[in-house]
file run_28.cif (mmCIF, N, CA and C atoms)
data_query
loop_
_atom_site.label_atom_id
_atom_site.label_comp_id
_atom_site.auth_asym_id
_atom_site.auth_seq_id
_atom_site.Cartn_x
_atom_site.Cartn_y
_atom_site.Cartn_z
N MET I 1 48.12 29.59 -42.38
CA MET I 1 47.98 28.52 -41.41
C MET I 1 47.18 27.38 -42.04
N TYR I 2 47.62 26.17 -41.82
CA TYR I 2 46.92 25.02 -42.36
C TYR I 2 45.60 24.80 -41.61
N LYS I 3 44.66 24.16 -42.28
CA LYS I 3 43.34 23.92 -41.69
C LYS I 3 43.46 23.16 -40.37
N ARG I 4 44.31 22.14 -40.31
CA ARG I 4 44.42 21.36 -39.07
C ARG I 4 45.01 22.19 -37.93
N HIS I 5 45.89 23.14 -38.26
CA HIS I 5 46.43 24.03 -37.23
C HIS I 5 45.35 24.97 -36.70
N ILE I 6 44.50 25.42 -37.59
CA ILE I 6 43.39 26.29 -37.18
C ILE I 6 42.43 25.51 -36.28
N ILE I 7 42.10 24.29 -36.69
CA ILE I 7 41.22 23.44 -35.89
C ILE I 7 41.86 23.15 -34.53
N GLY I 8 43.15 22.89 -34.52
CA GLY I 8 43.87 22.64 -33.26
C GLY I 8 43.83 23.85 -32.34
N LYS I 9 44.02 25.03 -32.90
CA LYS I 9 43.98 26.27 -32.10
C LYS I 9 42.60 26.50 -31.52
N ILE I 10 41.57 26.27 -32.32
CA ILE I 10 40.19 26.40 -31.83
C ILE I 10 39.96 25.43 -30.69
N GLY I 11 40.42 24.20 -30.85
CA GLY I 11 40.27 23.19 -29.80
C GLY I 11 40.98 23.58 -28.52
N GLU I 12 42.19 24.10 -28.64
CA GLU I 12 42.93 24.53 -27.45
C GLU I 12 42.23 25.70 -26.76
N ASP I 13 41.71 26.64 -27.53
CA ASP I 13 40.98 27.76 -26.95
C ASP I 13 39.74 27.27 -26.19
N LEU I 14 39.02 26.31 -26.77
CA LEU I 14 37.85 25.75 -26.11
C LEU I 14 38.24 24.97 -24.85
N ALA I 15 39.37 24.27 -24.91
CA ALA I 15 39.85 23.53 -23.74
C ALA I 15 40.20 24.49 -22.60
N VAL I 16 40.85 25.60 -22.93
CA VAL I 16 41.20 26.60 -21.92
C VAL I 16 39.93 27.17 -21.29
N LYS I 17 38.95 27.47 -22.11
CA LYS I 17 37.67 27.99 -21.61
C LYS I 17 37.03 26.99 -20.65
N TYR I 18 37.00 25.73 -21.05
CA TYR I 18 36.44 24.66 -20.22
C TYR I 18 37.19 24.56 -18.88
N LEU I 19 38.53 24.55 -18.95
CA LEU I 19 39.35 24.42 -17.74
C LEU I 19 39.13 25.60 -16.78
N GLU I 20 39.13 26.80 -17.32
CA GLU I 20 38.93 27.98 -16.47
C GLU I 20 37.56 27.94 -15.80
N GLN I 21 36.55 27.52 -16.52
CA GLN I 21 35.20 27.42 -15.94
C GLN I 21 35.15 26.34 -14.85
N ALA I 22 36.02 25.34 -14.96
CA ALA I 22 36.07 24.26 -13.97
C ALA I 22 36.98 24.59 -12.79
N GLY I 23 37.57 25.79 -12.79
CA GLY I 23 38.39 26.22 -11.65
C GLY I 23 39.88 26.01 -11.79
N TYR I 24 40.35 25.63 -12.97
CA TYR I 24 41.78 25.47 -13.21
C TYR I 24 42.40 26.84 -13.48
N LYS I 25 43.64 27.01 -13.06
CA LYS I 25 44.39 28.22 -13.38
C LYS I 25 45.39 27.85 -14.47
N ILE I 26 45.31 28.53 -15.59
CA ILE I 26 46.22 28.24 -16.71
C ILE I 26 47.58 28.87 -16.41
N LEU I 27 48.61 28.04 -16.38
CA LEU I 27 49.97 28.51 -16.13
C LEU I 27 50.70 28.84 -17.43
N GLN I 28 50.48 27.99 -18.45
CA GLN I 28 51.18 28.20 -19.71
C GLN I 28 50.49 27.42 -20.82
N ARG I 29 50.61 27.97 -22.02
CA ARG I 29 50.12 27.29 -23.21
C ARG I 29 51.27 27.07 -24.17
N ASN I 30 51.21 25.96 -24.88
CA ASN I 30 52.20 25.62 -25.90
C ASN I 30 53.63 25.71 -25.42
N PHE I 31 53.91 25.02 -24.33
CA PHE I 31 55.29 24.92 -23.84
C PHE I 31 56.06 24.01 -24.78
N GLU I 32 57.18 24.52 -25.29
CA GLU I 32 58.00 23.75 -26.22
C GLU I 32 59.41 23.61 -25.69
N CYS I 33 59.96 22.43 -25.88
CA CYS I 33 61.36 22.17 -25.56
C CYS I 33 61.85 21.09 -26.52
N ARG I 34 63.10 20.77 -26.43
CA ARG I 34 63.66 19.76 -27.33
C ARG I 34 62.97 18.40 -27.19
N GLN I 35 62.47 18.14 -25.98
CA GLN I 35 61.85 16.85 -25.70
C GLN I 35 60.43 16.73 -26.26
N GLY I 36 59.79 17.84 -26.54
CA GLY I 36 58.43 17.79 -27.05
C GLY I 36 57.65 19.06 -26.74
N GLU I 37 56.33 18.96 -26.84
CA GLU I 37 55.48 20.11 -26.60
C GLU I 37 54.33 19.71 -25.68
N ILE I 38 53.92 20.65 -24.84
CA ILE I 38 52.78 20.44 -23.97
C ILE I 38 51.77 21.54 -24.31
N ASP I 39 50.55 21.14 -24.64
CA ASP I 39 49.54 22.11 -25.08
C ASP I 39 49.15 23.09 -23.98
N ILE I 40 48.80 22.55 -22.80
CA ILE I 40 48.35 23.41 -21.70
C ILE I 40 48.95 22.88 -20.40
N ILE I 41 49.43 23.81 -19.59
CA ILE I 41 49.88 23.48 -18.23
C ILE I 41 48.99 24.29 -17.30
N ALA I 42 48.36 23.60 -16.37
CA ALA I 42 47.41 24.25 -15.47
C ALA I 42 47.64 23.83 -14.03
N LEU I 43 47.09 24.61 -13.14
CA LEU I 43 47.15 24.31 -11.72
C LEU I 43 45.72 24.08 -11.24
N TYR I 44 45.51 22.97 -10.54
CA TYR I 44 44.19 22.69 -9.98
C TYR I 44 44.40 22.14 -8.58
N LYS I 45 43.89 22.87 -7.61
CA LYS I 45 44.10 22.54 -6.20
C LYS I 45 45.59 22.47 -5.96
N ASN I 46 46.12 21.31 -5.60
CA ASN I 46 47.55 21.22 -5.31
C ASN I 46 48.32 20.43 -6.37
N GLU I 47 47.74 20.31 -7.59
CA GLU I 47 48.38 19.55 -8.65
C GLU I 47 48.71 20.42 -9.86
N ILE I 48 49.83 20.09 -10.48
CA ILE I 48 50.15 20.68 -11.79
C ILE I 48 49.66 19.68 -12.83
N ILE I 49 48.80 20.16 -13.71
CA ILE I 49 48.19 19.30 -14.71
C ILE I 49 48.76 19.63 -16.09
N PHE I 50 49.27 18.61 -16.75
CA PHE I 50 49.79 18.75 -18.11
C PHE I 50 48.73 18.17 -19.04
N ILE I 51 48.29 18.97 -20.01
CA ILE I 51 47.13 18.59 -20.81
C ILE I 51 47.46 18.57 -22.30
N GLU I 52 47.19 17.44 -22.90
CA GLU I 52 47.29 17.29 -24.36
C GLU I 52 45.88 17.46 -24.91
N VAL I 53 45.72 18.35 -25.87
CA VAL I 53 44.40 18.62 -26.46
C VAL I 53 44.38 18.01 -27.86
N LYS I 54 43.35 17.22 -28.12
CA LYS I 54 43.15 16.62 -29.44
C LYS I 54 41.77 17.00 -29.94
N THR I 55 41.73 17.60 -31.11
CA THR I 55 40.48 18.11 -31.67
C THR I 55 40.18 17.39 -32.98
N ARG I 56 38.92 17.02 -33.14
CA ARG I 56 38.50 16.34 -34.36
C ARG I 56 37.16 16.89 -34.84
N THR I 57 36.98 16.87 -36.14
CA THR I 57 35.70 17.26 -36.73
C THR I 57 34.89 16.02 -37.09
N ASN I 58 35.53 14.85 -37.08
CA ASN I 58 34.83 13.57 -37.28
C ASN I 58 35.69 12.47 -36.66
N ILE I 59 35.15 11.29 -36.59
CA ILE I 59 35.90 10.19 -35.97
C ILE I 59 36.22 9.07 -36.97
N LYS I 60 36.39 9.46 -38.22
CA LYS I 60 36.75 8.49 -39.27
C LYS I 60 38.02 7.71 -38.91
N PHE I 61 38.93 8.39 -38.25
CA PHE I 61 40.21 7.76 -37.92
C PHE I 61 40.33 7.47 -36.43
N GLY I 62 39.21 7.38 -35.74
CA GLY I 62 39.22 7.06 -34.31
C GLY I 62 38.95 8.28 -33.46
N ASN I 63 38.82 8.04 -32.18
CA ASN I 63 38.60 9.12 -31.22
C ASN I 63 39.88 9.95 -31.07
N PRO I 64 39.75 11.20 -30.69
CA PRO I 64 40.93 12.06 -30.56
C PRO I 64 42.01 11.48 -29.63
N ALA I 65 41.61 10.91 -28.51
CA ALA I 65 42.60 10.38 -27.56
C ALA I 65 43.41 9.23 -28.14
N ASP I 66 42.88 8.56 -29.16
CA ASP I 66 43.62 7.46 -29.80
C ASP I 66 44.94 7.95 -30.39
N ALA I 67 45.02 9.25 -30.70
CA ALA I 67 46.24 9.82 -31.28
C ALA I 67 47.35 9.97 -30.23
N VAL I 68 47.01 9.80 -28.97
CA VAL I 68 48.02 9.89 -27.90
C VAL I 68 48.53 8.47 -27.67
N ASP I 69 49.30 8.00 -28.65
CA ASP I 69 49.83 6.64 -28.61
C ASP I 69 51.09 6.57 -27.75
N ARG I 70 51.71 5.43 -27.70
CA ARG I 70 52.92 5.23 -26.87
C ARG I 70 54.02 6.24 -27.21
N SER I 71 54.22 6.47 -28.49
CA SER I 71 55.26 7.41 -28.91
C SER I 71 54.96 8.82 -28.40
N LYS I 72 53.72 9.26 -28.56
CA LYS I 72 53.31 10.59 -28.09
C LYS I 72 53.42 10.67 -26.57
N GLN I 73 53.04 9.60 -25.87
CA GLN I 73 53.14 9.57 -24.42
C GLN I 73 54.59 9.69 -23.96
N LYS I 74 55.48 9.04 -24.68
CA LYS I 74 56.91 9.09 -24.36
C LYS I 74 57.43 10.53 -24.47
N HIS I 75 57.07 11.22 -25.55
CA HIS I 75 57.48 12.61 -25.75
C HIS I 75 56.87 13.52 -24.69
N LEU I 76 55.60 13.28 -24.37
CA LEU I 76 54.94 14.07 -23.32
C LEU I 76 55.65 13.92 -21.99
N LEU I 77 55.95 12.69 -21.62
CA LEU I 77 56.64 12.44 -20.34
C LEU I 77 58.00 13.14 -20.28
N LYS I 78 58.73 13.09 -21.37
CA LYS I 78 60.04 13.77 -21.42
C LYS I 78 59.88 15.28 -21.27
N ALA I 79 58.89 15.85 -21.95
CA ALA I 79 58.64 17.29 -21.86
C ALA I 79 58.19 17.67 -20.45
N VAL I 80 57.35 16.85 -19.83
CA VAL I 80 56.89 17.10 -18.46
C VAL I 80 58.08 17.08 -17.51
N LYS I 81 58.91 16.06 -17.63
CA LYS I 81 60.09 15.96 -16.74
C LYS I 81 61.00 17.17 -16.91
N TYR I 82 61.20 17.59 -18.15
CA TYR I 82 62.05 18.77 -18.38
C TYR I 82 61.42 20.02 -17.76
N TYR I 83 60.12 20.21 -17.96
CA TYR I 83 59.43 21.37 -17.40
C TYR I 83 59.60 21.40 -15.88
N LEU I 84 59.36 20.27 -15.24
CA LEU I 84 59.46 20.20 -13.78
C LEU I 84 60.89 20.46 -13.31
N TYR I 85 61.85 19.83 -13.99
CA TYR I 85 63.26 20.00 -13.62
C TYR I 85 63.70 21.46 -13.80
N SER I 86 63.34 22.07 -14.92
CA SER I 86 63.80 23.43 -15.23
C SER I 86 63.20 24.48 -14.29
N ARG I 87 62.14 24.13 -13.60
CA ARG I 87 61.49 25.07 -12.68
C ARG I 87 61.58 24.63 -11.22
N ASN I 88 62.41 23.60 -11.00
CA ASN I 88 62.62 23.06 -9.65
C ASN I 88 61.29 22.67 -8.99
N LEU I 89 60.46 21.99 -9.76
CA LEU I 89 59.14 21.57 -9.28
C LEU I 89 59.02 20.04 -9.19
N GLU I 90 60.14 19.37 -9.08
CA GLU I 90 60.15 17.91 -9.16
C GLU I 90 59.39 17.21 -8.03
N ASP I 91 59.16 17.91 -6.92
CA ASP I 91 58.47 17.30 -5.79
C ASP I 91 56.97 17.60 -5.77
N GLU I 92 56.48 18.24 -6.80
CA GLU I 92 55.06 18.61 -6.86
C GLU I 92 54.21 17.43 -7.33
N PHE I 93 52.93 17.45 -6.96
CA PHE I 93 51.98 16.47 -7.48
C PHE I 93 51.66 16.86 -8.92
N VAL I 94 51.70 15.88 -9.81
CA VAL I 94 51.43 16.15 -11.22
C VAL I 94 50.46 15.11 -11.78
N ARG I 95 49.85 15.50 -12.87
CA ARG I 95 48.92 14.61 -13.56
C ARG I 95 49.00 14.95 -15.04
N ILE I 96 48.81 13.95 -15.89
CA ILE I 96 48.76 14.17 -17.34
C ILE I 96 47.38 13.77 -17.84
N ASP I 97 46.70 14.73 -18.45
CA ASP I 97 45.34 14.53 -18.95
C ASP I 97 45.29 14.72 -20.46
N VAL I 98 44.22 14.24 -21.04
CA VAL I 98 43.90 14.52 -22.43
C VAL I 98 42.51 15.14 -22.46
N ILE I 99 42.38 16.19 -23.23
CA ILE I 99 41.06 16.77 -23.47
C ILE I 99 40.74 16.57 -24.94
N GLU I 100 39.64 15.86 -25.18
CA GLU I 100 39.15 15.65 -26.54
C GLU I 100 38.14 16.75 -26.83
N ILE I 101 38.28 17.36 -27.99
CA ILE I 101 37.31 18.35 -28.45
C ILE I 101 36.71 17.82 -29.75
N TYR I 102 35.40 17.66 -29.74
CA TYR I 102 34.68 17.24 -30.93
C TYR I 102 33.98 18.48 -31.49
N LEU I 103 34.37 18.88 -32.69
CA LEU I 103 33.75 20.06 -33.32
C LEU I 103 32.68 19.62 -34.31
N TYR I 104 31.51 20.18 -34.15
CA TYR I 104 30.40 19.97 -35.07
C TYR I 104 30.10 21.32 -35.69
N SER I 105 29.19 21.39 -36.64
CA SER I 105 28.95 22.62 -37.39
C SER I 105 28.97 23.88 -36.53
N HIS I 106 28.11 24.01 -35.55
CA HIS I 106 28.11 25.21 -34.70
C HIS I 106 28.13 24.84 -33.22
N LYS I 107 28.52 23.60 -32.94
CA LYS I 107 28.54 23.10 -31.57
C LYS I 107 29.88 22.40 -31.33
N TYR I 108 30.11 22.12 -30.06
CA TYR I 108 31.29 21.33 -29.73
C TYR I 108 31.01 20.52 -28.46
N LYS I 109 31.81 19.48 -28.28
CA LYS I 109 31.71 18.64 -27.09
C LYS I 109 33.11 18.48 -26.52
N VAL I 110 33.21 18.56 -25.19
CA VAL I 110 34.49 18.39 -24.50
C VAL I 110 34.45 17.09 -23.71
N ASN I 111 35.50 16.29 -23.85
CA ASN I 111 35.65 15.08 -23.04
C ASN I 111 37.01 15.16 -22.34
N HIS I 112 36.99 15.30 -21.03
CA HIS I 112 38.21 15.43 -20.24
C HIS I 112 38.58 14.06 -19.66
N ILE I 113 39.70 13.53 -20.12
CA ILE I 113 40.19 12.23 -19.64
C ILE I 113 41.34 12.50 -18.68
N LYS I 114 41.14 12.20 -17.42
CA LYS I 114 42.14 12.48 -16.40
C LYS I 114 43.10 11.32 -16.23
N GLN I 115 44.34 11.66 -15.91
CA GLN I 115 45.40 10.70 -15.60
C GLN I 115 45.54 9.66 -16.71
N ILE I 116 45.82 10.15 -17.91
CA ILE I 116 45.92 9.24 -19.07
C ILE I 116 47.18 8.37 -19.00
N ILE I 117 48.22 8.91 -18.38
CA ILE I 117 49.47 8.15 -18.28
C ILE I 117 49.72 7.84 -16.82
#

call {"tool": "encode", "arguments": {"input": "run_28.cif", "output": "structure tokens"}}
result
Amino acid sequence: MYKRHIIGKIGEDLAVKYLEQAGYKILQRNFECRQGEIDIIALYKNEIIFIEVKTRTNIKFGNPADAVDRSKQKHLLKAVKYYLYSRNLEDEFVRIDVIEIYLYSHKYKVNHIKQII
């Protein structure tokens, strides 16, 4: 496994831990389809939340959420629409969030950005 994949997996695991502690129910991780991939799908109250997780060990190239550019947003939206359509959930309340994970030597910081799109 490449270093960035390992860092990404650690970030996703930390995001799941954060979400569960905040009362979210994790429905699925790493949903993949032709349209794209969704890191985490969760349920919170009456909303289905689609979450993109971005993990960084430094900010040399910007904040993690900066990587969720227009192109990435377009792929996310297509994957979300497919997920909802394939499960007959098109009338549900949905939200798309980004969770930034900042990894430091033995610490981490979580920044949850709600309704990014």

call {"tool": "residues_around", "arguments": {"input": "run_28.cif", "residues": "region 94-109 of chain I", "least_positions_apart": "2", "cutoff": "5 Å", "atoms": "only N, CA and C atoms", "output": "PDB file with N, CA and C atoms, in the frame of the given file"}}
result
ATOM      1  N   ILE I  48      49.830  20.090 -10.480  1.00  0.00           N
ATOM      2  CA  ILE I  48      50.150  20.680 -11.790  1.00  0.00           C
ATOM      3  C   ILE I  48      49.660  19.680 -12.830  1.00  0.00           C
ATOM      4  N   ILE I  49      48.800  20.160 -13.710  1.00  0.00           N
ATOM      5  CA  ILE I  49      48.190  19.300 -14.710  1.00  0.00           C
ATOM      6  C   ILE I  49      48.760  19.630 -16.090  1.00  0.00           C
ATOM      7  N   PHE I  50      49.270  18.610 -16.750  1.00  0.00           N
ATOM      8  CA  PHE I  50      49.790  18.750 -18.110  1.00  0.00           C
ATOM      9  C   PHE I  50      48.730  18.170 -19.040  1.00  0.00           C
ATOM     10  N   ILE I  51      48.290  18.970 -20.010  1.00  0.00           N
ATOM     11  CA  ILE I  51      47.130  18.590 -20.810  1.00  0.00           C
ATOM     12  C   ILE I  51      47.460  18.570 -22.300  1.00  0.00           C
ATOM     13  N   GLU I  52      47.190  17.440 -22.900  1.00  0.00           N
ATOM     14  CA  GLU I  52      47.290  17.290 -24.360  1.00  0.00           C
ATOM     15  C   GLU I  52      45.880  17.460 -24.910  1.00  0.00           C
ATOM     16  N   VAL I  53      45.720  18.350 -25.870  1.00  0.00           N
ATOM     17  CA  VAL I  53      44.400  18.620 -26.460  1.00  0.00           C
ATOM     18  C   VAL I  53      44.380  18.010 -27.860  1.00  0.00           C
ATOM     19  N   LYS I  54      43.350  17.220 -28.120  1.00  0.00           N
ATOM     20  CA  LYS I  54      43.150  16.620 -29.440  1.00  0.00           C
ATOM     21  C   LYS I  54      41.770  17.000 -29.940  1.00  0.00           C
ATOM     22  N   THR I  55      41.730  17.600 -31.110  1.00  0.00           N
ATOM     23  CA  THR I  55      40.480  18.110 -31.670  1.00  0.00           C
ATOM     24  C   THR I  55      40.180  17.390 -32.980  1.00  0.00           C
ATOM     25  N   ARG I  56      38.920  17.020 -33.140  1.00  0.00           N
ATOM     26  CA  ARG I  56      38.500  16.340 -34.360  1.00  0.00           C
ATOM     27  C   ARG I  56      37.160  16.890 -34.840  1.00  0.00           C
ATOM     28  N   THR I  57      36.980  16.870 -36.140  1.00  0.00           N
ATOM     29  CA  THR I  57      35.700  17.260 -36.730  1.00  0.00           C
ATOM     30  C   THR I  57      34.890  16.020 -37.090  1.00  0.00           C
ATOM     31  N   GLU I  92      56.480  18.240  -6.800  1.00  0.00           N
ATOM     32  CA  GLU I  92      55.060  18.610  -6.860  1.00  0.00           C
ATOM     33  C   GLU I  92      54.210  17.430  -7.330  1.00  0.00           C
ATOM     34  N   ASN I 111      35.500  16.290 -23.850  1.00  0.00           N
ATOM     35  CA  ASN I 111      35.650  15.080 -23.040  1.00  0.00           C
ATOM     36  C   ASN I 111      37.010  15.160 -22.340  1.00  0.00           C
ATOM     37  N   HIS I 112      36.990  15.300 -21.030  1.00  0.00           N
ATOM     38  CA  HIS I 112      38.210  15.430 -20.240  1.00  0.00           C
ATOM     39  C   HIS I 112      38.580  14.060 -19.660  1.00  0.00           C
ATOM     40  N   ILE I 113      39.700  13.530 -20.120  1.00  0.00           N
ATOM     41  CA  ILE I 113      40.190  12.230 -19.640  1.00  0.00           C
ATOM     42  C   ILE I 113      41.340  12.500 -18.680  1.00  0.00           C
ATOM     43  N   LYS I 114      41.140  12.200 -17.420  1.00  0.00           N
ATOM     44  CA  LYS I 114      42.140  12.480 -16.400  1.00  0.00           C
ATOM     45  C   LYS I 114      43.100  11.320 -16.230  1.00  0.00           C
ATOM     46  N   GLN I 115      44.340  11.660 -15.910  1.00  0.00           N
ATOM     47  CA  GLN I 115      45.400  10.700 -15.600  1.00  0.00           C
ATOM     48  C   GLN I 115      45.540   9.660 -16.710  1.00  0.00           C
ATOM     49  N   ILE I 116      45.820  10.150 -17.910  1.00  0.00           N
ATOM     50  CA  ILE I 116      45.920   9.240 -19.070  1.00  0.00           C
ATOM     51  C   ILE I 116      47.180   8.370 -19.000  1.00  0.00           C
ATOM     52  N   ILE I 117      48.220   8.910 -18.380  1.00  0.00           N
ATOM     53  CA  ILE I 117      49.470   8.150 -18.280  1.00  0.00           C
ATOM     54  C   ILE I 117      49.720   7.840 -16.820  1.00  0.00           C
TER      55      ILE I 117
END

call {"tool": "atom_distance", "arguments": {"input": "run_28.cif", "atom1": "atom N of His75 (chain I)", "atom2": "CA of Ile38 (chain I)"}}
result
10.3 Å

call {"tool": "atom_distance", "arguments": {"input": "run_28.cif", "atom1": "CA of Phe31 (chain I)", "atom2": "CA of Lys78 (chain I)"}}
result
12.4 Å

call {"tool": "residues_around", "arguments": {"input": "run_28.cif", "residues": "Glu37 (chain I)", "least_positions_apart": "3", "cutoff": "6.5 Å", "atoms": "all atoms listed in the file", "output": "PDB file with N, CA and C atoms, in the coordinates of the input"}}
result
ATOM      1  N   ASN I  30      51.210  25.960 -24.880  1.00  0.00           N
ATOM      2  CA  ASN I  30      52.200  25.620 -25.900  1.00  0.00           C
ATOM      3  C   ASN I  30      53.630  25.710 -25.420  1.00  0.00           C
ATOM      4  N   PHE I  31      53.910  25.020 -24.330  1.00  0.00           N
ATOM      5  CA  PHE I  31      55.290  24.920 -23.840  1.00  0.00           C
ATOM      6  C   PHE I  31      56.060  24.010 -24.780  1.00  0.00           C
ATOM      7  N   GLU I  32      57.180  24.520 -25.290  1.00  0.00           N
ATOM      8  CA  GLU I  32      58.000  23.750 -26.220  1.00  0.00           C
ATOM      9  C   GLU I  32      59.410  23.610 -25.690  1.00  0.00           C
ATOM     10  N   CYS I  33      59.960  22.430 -25.880  1.00  0.00           N
ATOM     11  CA  CYS I  33      61.360  22.170 -25.560  1.00  0.00           C
ATOM     12  C   CYS I  33      61.850  21.090 -26.520  1.00  0.00           C
ATOM     13  N   HIS I  75      57.070  11.220 -25.550  1.00  0.00           N
ATOM     14  CA  HIS I  75      57.480  12.610 -25.750  1.00  0.00           C
ATOM     15  C   HIS I  75      56.870  13.520 -24.690  1.00  0.00           C
ATOM     16  N   LEU I  76      55.600  13.280 -24.370  1.00  0.00           N
ATOM     17  CA  LEU I  76      54.940  14.070 -23.320  1.00  0.00           C
ATOM     18  C   LEU I  76      55.650  13.920 -21.990  1.00  0.00           C
ATOM     19  N   ALA I  79      58.890  15.850 -21.950  1.00  0.00           N
ATOM     20  CA  ALA I  79      58.640  17.290 -21.860  1.00  0.00           C
ATOM     21  C   ALA I  79      58.190  17.670 -20.450  1.00  0.00           C
TER      22      ALA I  79
END

call {"tool": "resolve_selection", "arguments": {"input": "run_28.cif", "expression": "the PyMOL selection byres ((chain I and resi 43) around 5)", "output": "MDAnalysis selection string"}}
result
chainID I and resid 24:27 41:42 44:45 47:49

call {"tool": "closest_residue", "arguments": {"input": "run_28.cif", "among": "I:Lys9, I:Lys60, I:Arg4, I:Lys74", "to": "Gln35 (chain I)", "atoms": "all atoms listed in the file"}}
result
I:Lys74

call {"tool": "atom_distance", "arguments": {"input": "run_28.cif", "atom1": "atom C of Ala67 (chain I)", "atom2": "atom C of Tyr82 (chain I)"}}
result
21.3 Å
